[in-house]
$ cat structure.cif   # mmCIF, C-alpha atoms and all ligand atoms
data_model
loop_
_atom_site.label_atom_id
_atom_site.label_comp_id
_atom_site.auth_asym_id
_atom_site.auth_seq_id
_atom_site.Cartn_x
_atom_site.Cartn_y
_atom_site.Cartn_z
CA MET A 1 -27.22 -29.42 -105.71
CA THR A 2 -26.33 -33.09 -105.55
CA LEU A 3 -27.37 -34.60 -102.24
CA LEU A 4 -26.17 -38.17 -102.64
CA SER A 5 -23.85 -39.60 -105.24
CA VAL A 6 -23.66 -43.35 -105.80
CA GLN A 7 -20.50 -44.13 -107.76
CA ASP A 8 -19.61 -47.46 -109.28
CA LEU A 9 -21.45 -49.37 -106.54
CA SER A 10 -21.16 -53.14 -106.67
CA ILE A 11 -22.57 -55.53 -104.09
CA ARG A 12 -21.92 -59.23 -104.02
CA PHE A 13 -22.91 -61.84 -101.46
CA ARG A 14 -20.76 -64.73 -100.30
CA THR A 15 -22.80 -67.94 -100.31
CA PRO A 16 -21.90 -71.61 -99.94
CA ASP A 17 -22.32 -71.91 -103.74
CA GLY A 18 -20.07 -68.96 -104.54
CA TYR A 19 -20.78 -65.29 -105.05
CA VAL A 20 -24.14 -63.74 -105.94
CA HIS A 21 -23.52 -60.54 -107.89
CA ALA A 22 -26.55 -58.48 -106.91
CA VAL A 23 -25.50 -54.93 -107.89
CA ASN A 24 -23.03 -54.28 -110.70
CA ASN A 25 -21.23 -50.94 -111.10
CA VAL A 26 -24.23 -48.75 -110.47
CA SER A 27 -23.81 -44.97 -110.55
CA PHE A 28 -26.44 -42.29 -110.06
CA ASP A 29 -26.98 -39.00 -108.25
CA ILE A 30 -29.93 -37.76 -106.25
CA GLU A 31 -30.41 -34.00 -106.27
CA GLU A 32 -31.81 -31.96 -103.41
CA GLY A 33 -35.62 -32.10 -103.44
CA GLU A 34 -35.66 -34.73 -106.18
CA LYS A 35 -38.13 -37.59 -106.33
CA LEU A 36 -36.30 -40.49 -107.95
CA ALA A 37 -38.04 -43.75 -108.79
CA VAL A 38 -35.94 -46.90 -108.86
CA VAL A 39 -37.88 -49.52 -110.79
CA GLY A 40 -37.14 -53.07 -111.77
CA GLU A 41 -38.38 -56.60 -111.34
CA SER A 42 -38.01 -58.51 -108.12
CA GLY A 43 -34.36 -59.43 -107.53
CA SER A 44 -32.93 -56.59 -109.64
CA GLY A 45 -31.00 -55.14 -106.68
CA LYS A 46 -33.27 -52.27 -105.64
CA SER A 47 -33.43 -53.01 -101.93
CA GLN A 48 -29.72 -53.79 -101.68
CA ILE A 49 -28.88 -50.32 -103.02
CA ALA A 50 -31.08 -48.74 -100.32
CA LEU A 51 -29.60 -50.94 -97.60
CA ALA A 52 -26.06 -50.10 -98.76
CA ILE A 53 -26.83 -46.38 -98.48
CA LEU A 54 -27.83 -46.88 -94.84
CA GLY A 55 -25.06 -49.33 -93.96
CA LEU A 56 -27.58 -52.12 -93.37
CA LEU A 57 -26.31 -54.80 -95.75
CA ALA A 58 -26.29 -58.40 -94.54
CA ASN A 59 -23.11 -59.80 -93.03
CA ASN A 60 -22.26 -61.86 -96.10
CA ALA A 61 -22.30 -58.79 -98.36
CA GLU A 62 -19.21 -57.16 -99.87
CA ALA A 63 -19.73 -53.68 -101.28
CA SER A 64 -17.33 -51.65 -103.41
CA GLY A 65 -17.50 -48.23 -104.97
CA ARG A 66 -18.53 -45.03 -103.22
CA ILE A 67 -21.71 -43.56 -101.78
CA LEU A 68 -20.89 -39.91 -101.23
CA TYR A 69 -23.00 -37.91 -98.82
CA LYS A 70 -21.80 -34.52 -97.58
CA GLY A 71 -18.27 -35.29 -98.69
CA GLN A 72 -18.01 -38.64 -96.90
CA ASN A 73 -18.15 -42.13 -98.34
CA LEU A 74 -20.95 -43.89 -96.46
CA LEU A 75 -19.47 -47.27 -97.34
CA ASP A 76 -16.36 -46.44 -95.25
CA LEU A 77 -18.14 -44.83 -92.32
CA PRO A 78 -17.63 -46.46 -88.91
CA ARG A 79 -20.82 -47.86 -87.40
CA ARG A 80 -21.02 -45.10 -84.79
CA GLU A 81 -20.91 -42.38 -87.45
CA MET A 82 -23.46 -44.22 -89.56
CA ASN A 83 -25.84 -44.43 -86.60
CA LYS A 84 -25.84 -40.63 -86.48
CA ILE A 85 -26.83 -40.37 -90.13
CA ARG A 86 -29.56 -42.99 -90.02
CA ALA A 87 -33.01 -41.52 -89.29
CA LYS A 88 -31.57 -38.04 -88.83
CA GLU A 89 -30.15 -37.42 -92.30
CA ILE A 90 -31.37 -40.41 -94.27
CA SER A 91 -34.35 -42.53 -93.26
CA ILE A 92 -36.05 -45.57 -94.71
CA ILE A 93 -39.62 -46.77 -95.06
CA PHE A 94 -39.87 -50.54 -95.49
CA GLN A 95 -42.59 -52.42 -97.30
CA ASP A 96 -43.91 -54.19 -94.23
CA PRO A 97 -44.71 -51.72 -91.43
CA MET A 98 -44.39 -54.43 -88.79
CA SER A 99 -40.71 -54.87 -89.63
CA SER A 100 -40.07 -51.27 -88.51
CA LEU A 101 -42.36 -51.21 -85.49
CA ASN A 102 -41.81 -52.91 -82.18
CA PRO A 103 -45.06 -54.72 -81.29
CA TYR A 104 -44.37 -54.43 -77.54
CA MET A 105 -43.94 -50.67 -77.38
CA THR A 106 -46.52 -47.93 -77.66
CA VAL A 107 -46.22 -45.74 -80.71
CA GLU A 108 -45.33 -42.77 -78.55
CA ARG A 109 -42.41 -44.57 -76.90
CA GLN A 110 -41.00 -45.68 -80.23
CA LEU A 111 -41.14 -42.20 -81.66
CA ASN A 112 -39.72 -40.71 -78.45
CA GLU A 113 -36.77 -43.08 -78.50
CA ILE A 114 -35.74 -41.88 -81.93
CA LEU A 115 -36.03 -38.25 -80.91
CA GLU A 116 -34.05 -38.74 -77.75
CA LEU A 117 -31.31 -40.69 -79.51
CA HIS A 118 -30.86 -38.36 -82.46
CA GLU A 119 -31.91 -34.95 -81.23
CA GLY A 120 -31.70 -35.22 -77.46
CA LEU A 121 -35.34 -34.16 -77.28
CA ARG A 122 -37.53 -35.32 -74.40
CA GLY A 123 -40.58 -34.26 -72.44
CA ARG A 124 -42.76 -31.55 -73.84
CA ALA A 125 -40.51 -30.72 -76.79
CA ALA A 126 -40.51 -34.36 -77.88
CA ARG A 127 -44.25 -34.64 -77.44
CA SER A 128 -44.99 -31.67 -79.62
CA ARG A 129 -42.70 -32.97 -82.40
CA VAL A 130 -44.34 -36.39 -82.18
CA LEU A 131 -47.79 -34.85 -82.43
CA GLU A 132 -46.67 -32.70 -85.34
CA VAL A 133 -45.56 -35.72 -87.41
CA MET A 134 -48.58 -37.81 -86.41
CA GLU A 135 -50.76 -35.00 -87.69
CA ALA A 136 -48.62 -34.62 -90.82
CA VAL A 137 -49.34 -38.25 -91.69
CA GLN A 138 -53.03 -37.72 -90.87
CA ILE A 139 -53.55 -40.12 -88.01
CA PRO A 140 -57.03 -39.19 -86.79
CA ASP A 141 -57.24 -38.25 -83.11
CA ALA A 142 -53.44 -38.48 -82.89
CA LYS A 143 -53.29 -37.13 -79.33
CA ASN A 144 -55.32 -40.01 -77.96
CA ARG A 145 -53.76 -42.69 -80.15
CA LEU A 146 -50.20 -42.18 -78.99
CA LYS A 147 -50.56 -44.70 -76.18
CA SER A 148 -51.74 -47.41 -78.56
CA TYR A 149 -49.65 -50.39 -79.67
CA PRO A 150 -48.95 -51.07 -83.37
CA HIS A 151 -51.45 -53.94 -83.59
CA GLU A 152 -54.25 -51.58 -82.60
CA PHE A 153 -53.91 -49.79 -85.93
CA SER A 154 -55.00 -50.91 -89.41
CA GLY A 155 -52.32 -51.76 -92.00
CA GLY A 156 -52.69 -48.37 -93.69
CA MET A 157 -52.47 -46.50 -90.38
CA ARG A 158 -49.41 -48.53 -89.38
CA GLN A 159 -47.68 -47.52 -92.60
CA ARG A 160 -48.55 -43.89 -91.78
CA ILE A 161 -46.85 -44.34 -88.42
CA VAL A 162 -43.76 -45.74 -90.14
CA ILE A 163 -43.75 -42.69 -92.41
CA ALA A 164 -44.10 -40.47 -89.33
CA MET A 165 -41.06 -42.25 -87.90
CA ALA A 166 -39.11 -41.64 -91.10
CA LEU A 167 -40.01 -37.93 -90.94
CA LEU A 168 -39.36 -37.39 -87.29
CA CYS A 169 -35.88 -35.90 -87.59
CA ARG A 170 -36.68 -34.06 -90.84
CA PRO A 171 -34.20 -36.08 -92.92
CA LYS A 172 -32.72 -34.80 -96.15
CA LEU A 173 -33.38 -38.09 -97.92
CA ILE A 174 -36.14 -40.66 -97.50
CA LEU A 175 -35.66 -44.12 -99.00
CA ALA A 176 -39.12 -45.63 -99.52
CA ASP A 177 -38.79 -49.32 -100.37
CA GLU A 178 -42.08 -50.49 -101.88
CA PRO A 179 -43.96 -48.44 -99.25
CA THR A 180 -47.42 -49.39 -100.50
CA THR A 181 -46.93 -52.92 -101.79
CA ALA A 182 -48.38 -54.56 -98.68
CA LEU A 183 -51.50 -52.34 -98.73
CA ASP A 184 -54.73 -52.59 -100.67
CA VAL A 185 -55.27 -50.37 -103.69
CA THR A 186 -57.31 -47.55 -102.15
CA VAL A 187 -54.94 -47.25 -99.20
CA GLN A 188 -51.99 -47.30 -101.63
CA ALA A 189 -53.31 -44.21 -103.32
CA GLN A 190 -53.83 -42.42 -100.01
CA ILE A 191 -50.29 -43.20 -98.89
CA MET A 192 -48.83 -41.97 -102.19
CA HIS A 193 -50.78 -38.71 -101.86
CA LEU A 194 -49.52 -38.38 -98.34
CA LEU A 195 -45.90 -38.91 -99.42
CA GLU A 196 -46.38 -36.30 -102.09
CA ASP A 197 -47.75 -33.71 -99.64
CA ILE A 198 -45.01 -34.45 -97.17
CA GLN A 199 -42.31 -34.18 -99.77
CA LYS A 200 -43.61 -30.74 -100.69
CA GLU A 201 -43.81 -29.59 -97.11
CA TYR A 202 -40.49 -31.00 -95.87
CA GLY A 203 -38.56 -30.58 -99.10
CA SER A 204 -36.78 -33.90 -98.56
CA SER A 205 -35.50 -35.90 -101.51
CA ILE A 206 -37.19 -39.24 -102.00
CA MET A 207 -35.88 -42.42 -103.56
CA LEU A 208 -38.98 -44.47 -104.25
CA ILE A 209 -38.31 -48.13 -104.88
CA THR A 210 -41.10 -49.90 -106.68
CA HIS A 211 -41.86 -52.60 -109.22
CA ASP A 212 -45.07 -50.74 -110.08
CA LEU A 213 -44.68 -48.28 -112.96
CA GLY A 214 -48.21 -47.03 -112.32
CA VAL A 215 -47.07 -45.49 -109.04
CA VAL A 216 -44.08 -43.79 -110.64
CA ALA A 217 -45.84 -41.76 -113.31
CA GLY A 218 -47.75 -39.46 -110.98
CA PHE A 219 -45.11 -39.09 -108.33
CA CYS A 220 -41.47 -39.11 -109.41
CA ASN A 221 -39.75 -36.54 -111.59
CA GLU A 222 -36.83 -38.87 -112.37
CA THR A 223 -36.82 -42.58 -113.10
CA LEU A 224 -34.01 -45.11 -113.01
CA VAL A 225 -34.57 -48.58 -114.41
CA LEU A 226 -32.57 -51.49 -112.98
CA TYR A 227 -32.12 -54.94 -114.44
CA GLY A 228 -29.78 -57.63 -113.19
CA GLY A 229 -28.28 -55.15 -110.74
CA ARG A 230 -27.37 -52.76 -113.51
CA VAL A 231 -28.78 -49.39 -114.60
CA MET A 232 -30.53 -49.85 -117.94
CA GLU A 233 -31.98 -46.38 -118.33
CA ARG A 234 -32.29 -43.12 -116.43
CA ALA A 235 -34.09 -39.95 -117.44
CA GLY A 236 -36.91 -37.62 -116.51
CA THR A 237 -40.04 -39.67 -115.86
CA ALA A 238 -41.99 -37.89 -118.59
CA ALA A 239 -39.22 -38.60 -121.11
CA ILE A 240 -39.07 -42.27 -120.19
CA PHE A 241 -42.84 -42.70 -120.42
CA ALA A 242 -43.04 -40.81 -123.70
CA ALA A 243 -40.13 -42.62 -125.33
CA PRO A 244 -38.60 -45.50 -123.39
CA ALA A 245 -35.16 -45.96 -124.94
CA HIS A 246 -34.09 -49.34 -123.60
CA PRO A 247 -35.75 -52.55 -124.85
CA TYR A 248 -36.08 -53.68 -121.23
CA THR A 249 -37.96 -50.51 -120.26
CA ARG A 250 -40.22 -50.98 -123.25
CA GLY A 251 -40.90 -54.53 -122.07
CA LEU A 252 -41.72 -53.30 -118.57
CA MET A 253 -44.17 -50.77 -119.96
CA ARG A 254 -45.93 -53.38 -122.04
CA ALA A 255 -46.29 -55.43 -118.87
CA VAL A 256 -48.33 -52.65 -117.21
CA PRO A 257 -52.06 -53.11 -117.80
CA ASN A 258 -53.50 -50.12 -119.61
CA ILE A 259 -55.92 -48.19 -117.40
CA HIS A 260 -57.58 -46.68 -120.46
CA ASP A 261 -58.15 -50.05 -122.06
CA PRO A 262 -59.45 -52.66 -119.63
CA SER A 263 -59.27 -55.35 -122.30
CA ALA A 264 -55.50 -54.92 -122.67
CA THR A 265 -53.70 -57.89 -121.20
CA LEU A 266 -50.71 -57.81 -118.97
CA GLN A 267 -47.73 -58.95 -120.98
CA SER A 268 -44.76 -60.35 -119.15
CA ILE A 269 -41.26 -60.39 -120.59
CA PRO A 270 -40.42 -63.92 -121.77
CA GLY A 271 -37.30 -65.68 -120.53
CA GLN A 272 -35.39 -66.30 -117.34
CA PRO A 273 -34.04 -63.69 -114.91
CA PRO A 274 -30.30 -63.12 -115.29
CA ASN A 275 -27.75 -65.48 -113.78
CA GLN A 276 -26.16 -63.64 -110.88
CA THR A 277 -23.58 -66.26 -109.96
CA ARG A 278 -21.02 -64.91 -112.39
CA PRO A 279 -19.72 -61.36 -112.87
CA LEU A 280 -21.43 -59.62 -115.77
CA VAL A 281 -19.51 -59.73 -119.02
CA HIS A 282 -22.30 -58.75 -121.40
CA CYS A 283 -25.69 -57.05 -121.28
CA PRO A 284 -27.73 -58.92 -118.65
CA PHE A 285 -30.90 -58.49 -120.72
CA ALA A 286 -29.44 -59.84 -123.98
CA GLY A 287 -30.96 -63.31 -123.58
CA ARG A 288 -34.49 -61.92 -123.17
CA CYS A 289 -34.24 -59.00 -125.55
CA GLY A 290 -36.26 -59.08 -128.74
CA ASP A 291 -33.89 -56.56 -130.34
CA SER A 292 -30.57 -58.15 -129.43
CA LEU A 293 -27.61 -58.31 -131.80
CA GLU A 294 -24.73 -60.75 -131.63
CA ALA A 295 -22.56 -58.08 -130.01
CA CYS A 296 -25.02 -57.84 -127.09
CA PHE A 297 -23.63 -61.17 -125.87
CA ASP A 298 -20.06 -59.80 -125.93
CA ILE A 299 -20.33 -56.26 -124.67
CA LEU A 300 -21.45 -54.74 -121.40
CA PRO A 301 -22.74 -51.35 -122.55
CA GLU A 302 -21.92 -48.24 -120.53
CA LEU A 303 -24.61 -45.71 -119.67
CA SER A 304 -24.84 -42.96 -122.28
CA PRO A 305 -24.56 -39.33 -121.06
CA ALA A 306 -27.41 -37.37 -119.43
CA PRO A 307 -30.13 -36.25 -119.80
CA HIS A 308 -31.59 -39.46 -121.27
CA GLN A 309 -29.17 -42.19 -120.25
CA ARG A 310 -29.42 -45.74 -121.51
CA ALA A 311 -27.09 -48.72 -121.49
CA CYS A 312 -27.73 -50.38 -124.83
CA ILE A 313 -25.52 -50.76 -127.87
CA ARG A 314 -28.60 -50.09 -129.99
CA ALA A 315 -28.74 -46.67 -128.39
CA VAL A 316 -25.11 -46.03 -129.25
CA GLU A 317 -25.83 -47.05 -132.83
CA GLU A 318 -28.70 -44.59 -132.96
CA LEU A 319 -26.51 -41.79 -131.66
CA THR A 320 -23.64 -42.26 -134.10
N1 LIG A 401 -27.91 -62.03 -97.77
C1 LIG A 401 -27.96 -62.41 -99.05
N2 LIG A 401 -27.24 -63.48 -99.50
C2 LIG A 401 -27.26 -63.82 -100.79
N3 LIG A 401 -27.96 -63.19 -101.75
C3 LIG A 401 -28.71 -62.15 -101.37
C4 LIG A 401 -28.75 -61.69 -100.01
N4 LIG A 401 -29.56 -60.61 -99.95
C5 LIG A 401 -30.01 -60.40 -101.20
N5 LIG A 401 -29.51 -61.32 -102.06
C6 LIG A 401 -29.74 -61.37 -103.52
O1 LIG A 401 -29.53 -60.10 -104.09
C7 LIG A 401 -30.34 -59.91 -105.24
C8 LIG A 401 -31.00 -58.56 -105.22
O2 LIG A 401 -31.91 -58.52 -104.13
P1 LIG A 401 -32.82 -57.24 -103.80
O3 LIG A 401 -32.03 -56.00 -103.84
O4 LIG A 401 -33.47 -57.56 -102.50
O5 LIG A 401 -33.88 -57.24 -104.98
P2 LIG A 401 -35.16 -56.30 -105.20
O6 LIG A 401 -34.90 -55.57 -106.48
O7 LIG A 401 -36.31 -57.23 -105.33
O8 LIG A 401 -35.29 -55.38 -104.02
C9 LIG A 401 -31.32 -61.09 -105.26
O9 LIG A 401 -30.90 -62.00 -106.21
C10 LIG A 401 -31.19 -61.66 -103.87
O10 LIG A 401 -31.45 -63.04 -103.85
MG MG A 402 -36.82 -55.32 -102.58
#
$ encode --input "structure.cif" --output "structure tokens" --more "lines below"
Ligand SMILES: Nc1ncnc2c1ncn2[C@@H]1O[C@H](COP(=O)(O)OP(=O)(O)O)[C@@H](O)[C@H]1O
Ligand SMILES: [Mg+2]
Amino acid sequence: MTLLSVQDLSIRFRTPDGYVHAVNNVSFDIEEGEKLAVVGESGSGKSQIALAILGLLANNAEASGRILYKGQNLLDLPRREMNKIRAKEISIIFQDPMSSLNPYMTVERQLNEILELHEGLRGRAARSRVLEVMEAVQIPDAKNRLKSYPHEFSGGMRQRIVIAMALLCRPKLILADEPTTALDVTVQAQIMHLLEDIQKEYGSSIMLITHDLGVVAGFCNETLVLYGGRVMERAGTAAIFAAPAHPYTRGLMRAVPNIHDPSATLQSIPGQPPNQTRPLVHCPFAGRCGDSLEACFDILPELSPAPHQRACIRAVEELT
């Protein structure tokens, strides 16, 4: 069953220098229980897609297309209706835990506020739910730590609290935007294990945003690759790792240091990031692509059909 359907989503920002075209006609579905990775370099539009889903885009943003959730287009939803969906149906985990936590409130109060607002739970019922999620995210001695303030926890523990917050109302979809990027490597692994356990237990779908392909391989069953605000490739994670079909994805994979070969060097993709000040008229990767043809500078390729989707005229050539 499809849980969320993003259809032809475009997001542009009004700036004093004209428009910035951040997301360009992006379409994808998230199925119930699916773990979808959205990968791409910094600036490729990953966070803006997540913010659009939750109605949290900046004031200078203009979004078009549809984001269908339970038969309604989230882009058209009045603020009051959107507030009911946020946290309860769809929640988000940001990269920096301090951006989600109020430094002046105890952890217990912050969690209680969410429960009261969305579920009308207070008192003992609220307390037992709070304890349940604090234990789910493995905060040691949770009962006695509830009265602590965010700064009294380590970075890793703070991110666990943010995850607890995201879980509190048992949402159907969790958007995790670089949830481990601010943490050191050992803590990163712990948090990813935790997310994995929680996903199994709660059955929520997860959209994991990351620039780190290493995180994706062990965690997500589906992978979507973004470049210049456009979907370059989407398929099962195993299929993409076994045979990346888009030259950009191949470039990304070469850029990942090989854990089996410590001498392998990290290779970055040569060239400049795409110009976002004009609407896309041809493949955004053409200028950096080692396999480009003349036509790549004229044509904006559509995504090929599932199961292994790619937006590359080379791919079309291969298919015909
Ligand atoms: N409020 C804004 N005004 C103008 N441009 C913005 C604004 N917010 C984001 N952008 C631009 O949108 C593009 C995509 O950003 P983002 O989705 O945050 O990238 P990332 O893939 O790193 O998460 C970037 O070029 C960014 O500069
Ligand atoms: Mg981002």
$ axis_aligned_box --input "structure.cif" --around "ligand LIG 401 (chain A)" --padding-each-side "8 Å" --output "AutoDock Vina command-line options"
--center_x -31.8 --center_y -59.6 --center_z -102.1 --size_x 25.1 --size_y 24.4 --size_z 24.7
$ residues_near_ligand --input "structure.cif" --ligand "ligand LIG 401 (chain A)" --cutoff "6 Å" --atoms "all atoms listed in the file" --output "ChimeraX atom specification"
/A:13,20,22,42-48,58,60
$ closest_atom_pairs --input "structure.cif" --of "chain A" --to "ligand MG 402 (chain A)" --cutoff "12 Å" --atoms "only C-alpha atoms and all ligand atoms" --output "CSV"
residue,atom,partner,partner_atom,distance
A:Ala22,CA,A:MG402,MG,11.6
A:Val38,CA,A:MG402,MG,10.5
A:Val39,CA,A:MG402,MG,10.1
A:Gly40,CA,A:MG402,MG,9.5
A:Glu41,CA,A:MG402,MG,9.0
A:Ser42,CA,A:MG402,MG,6.5
A:Gly43,CA,A:MG402,MG,6.9
A:Ser44,CA,A:MG402,MG,8.2
A:Gly45,CA,A:MG402,MG,7.1
A:Lys46,CA,A:MG402,MG,5.6
A:Ser47,CA,A:MG402,MG,4.2
A:Gln48,CA,A:MG402,MG,7.3
A:Ile49,CA,A:MG402,MG,9.4
A:Ala50,CA,A:MG402,MG,9.0
A:Leu51,CA,A:MG402,MG,9.8
A:Ile93,CA,A:MG402,MG,11.7
A:Phe94,CA,A:MG402,MG,9.1
A:Gln95,CA,A:MG402,MG,8.3
A:Asp96,CA,A:MG402,MG,11.0
A:Leu175,CA,A:MG402,MG,11.8
A:Ala176,CA,A:MG402,MG,10.4
A:Asp177,CA,A:MG402,MG,6.7
A:Glu178,CA,A:MG402,MG,7.2
A:Pro179,CA,A:MG402,MG,10.5
A:Thr181,CA,A:MG402,MG,10.4
A:Leu208,CA,A:MG402,MG,11.2
A:Ile209,CA,A:MG402,MG,7.7
A:Thr210,CA,A:MG402,MG,8.0
A:His211,CA,A:MG402,MG,8.8
A:Leu226,CA,A:MG402,MG,11.9
A:Gly229,CA,A:MG402,MG,11.8
$ closest_residue --input "structure.cif" --among "A:Glu34, A:Asp29, A:Asp197, A:Asp8" --to "Glu222 of chain A" --atoms "only C-alpha atoms"
A:Glu34
$ residues_around --input "structure.cif" --residues "segment 70-83 of chain A" --least-positions-apart "6" --cutoff "9 Å" --atoms "only C-alpha atoms" --output "list in words"
Leu3, Leu4, Ala52, Ile53, Leu54, Gly55, Ala63, Ser64 and His118 of chain A
$ atom_distance --input "structure.cif" --atom1 "atom CA of Leu195 of chain A" --atom2 "atom CA of Gly120 of chain A"
26.4 Å
$ residues_around --input "structure.cif" --residues "Ser128 of chain A" --least-positions-apart "2" --cutoff "12 Å" --atoms "all atoms listed in the file" --output "PDB file with C-alpha atoms, in the frame of the given file"
ATOM      1  CA  GLU A 108     -45.330 -42.770 -78.550  1.00  0.00           C
ATOM      2  CA  LEU A 111     -41.140 -42.200 -81.660  1.00  0.00           C
ATOM      3  CA  ASN A 112     -39.720 -40.710 -78.450  1.00  0.00           C
ATOM      4  CA  LEU A 115     -36.030 -38.250 -80.910  1.00  0.00           C
ATOM      5  CA  LEU A 121     -35.340 -34.160 -77.280  1.00  0.00           C
ATOM      6  CA  ARG A 122     -37.530 -35.320 -74.400  1.00  0.00           C
ATOM      7  CA  GLY A 123     -40.580 -34.260 -72.440  1.00  0.00           C
ATOM      8  CA  ARG A 124     -42.760 -31.550 -73.840  1.00  0.00           C
ATOM      9  CA  ALA A 125     -40.510 -30.720 -76.790  1.00  0.00           C
ATOM     10  CA  ALA A 126     -40.510 -34.360 -77.880  1.00  0.00           C
ATOM     11  CA  VAL A 130     -44.340 -36.390 -82.180  1.00  0.00           C
ATOM     12  CA  LEU A 131     -47.790 -34.850 -82.430  1.00  0.00           C
ATOM     13  CA  GLU A 132     -46.670 -32.700 -85.340  1.00  0.00           C
ATOM     14  CA  VAL A 133     -45.560 -35.720 -87.410  1.00  0.00           C
ATOM     15  CA  MET A 134     -48.580 -37.810 -86.410  1.00  0.00           C
ATOM     16  CA  GLU A 135     -50.760 -35.000 -87.690  1.00  0.00           C
ATOM     17  CA  ALA A 142     -53.440 -38.480 -82.890  1.00  0.00           C
ATOM     18  CA  LYS A 143     -53.290 -37.130 -79.330  1.00  0.00           C
ATOM     19  CA  LEU A 146     -50.200 -42.180 -78.990  1.00  0.00           C
ATOM     20  CA  LEU A 168     -39.360 -37.390 -87.290  1.00  0.00           C
TER      21      LEU A 168
END
$ closest_residue --input "structure.cif" --among "A:Val231, A:Arg288, A:Met1, A:Ser148" --to "Pro301 of chain A" --atoms "only C-alpha atoms"
A:Val231
$ residues_around --input "structure.cif" --residues "Tyr149 of chain A" --least-positions-apart "3" --cutoff "6 Å" --atoms "all atoms listed in the file" --output "tab-separated table (two decimals) with C-alpha atoms, in the frame of the given file"
chain	number	residue	atom	x	y	z
A	106	THR	CA	-46.52	-47.93	-77.66
A	107	VAL	CA	-46.22	-45.74	-80.71
A	152	GLU	CA	-54.25	-51.58	-82.60
$ closest_residue --input "structure.cif" --among "A:Gln7, A:Ile90, A:Asp17, A:Pro247" --to "Thr277 of chain A" --atoms "all atoms listed in the file"
A:Asp17
$ closest_residue --input "structure.cif" --among "A:Ala306, A:Ile114, A:Met157, A:Ile269" --to "Val187 of chain A" --atoms "all atoms listed in the file"
A:Met157
$ atom_distance --input "structure.cif" --atom1 "atom CA of Arg160 of chain A" --atom2 "atom CA of Lys35 of chain A"
19.0 Å
$ residues_near_point --input "structure.cif" --point "(-29.2, -34.6, -108.9)" --cutoff "12 Å" --atoms "only C-alpha atoms" --output "MDAnalysis selection string"
chainID A and resid 1:6 27:36 205:207 221:223 234:236 306:307
$ residues_near_point --input "structure.cif" --point "(-50.2, -49.3, -88.3)" --cutoff "8 Å" --atoms "all atoms listed in the file" --output "MDAnalysis selection string"
chainID A and resid 97:98 150:162
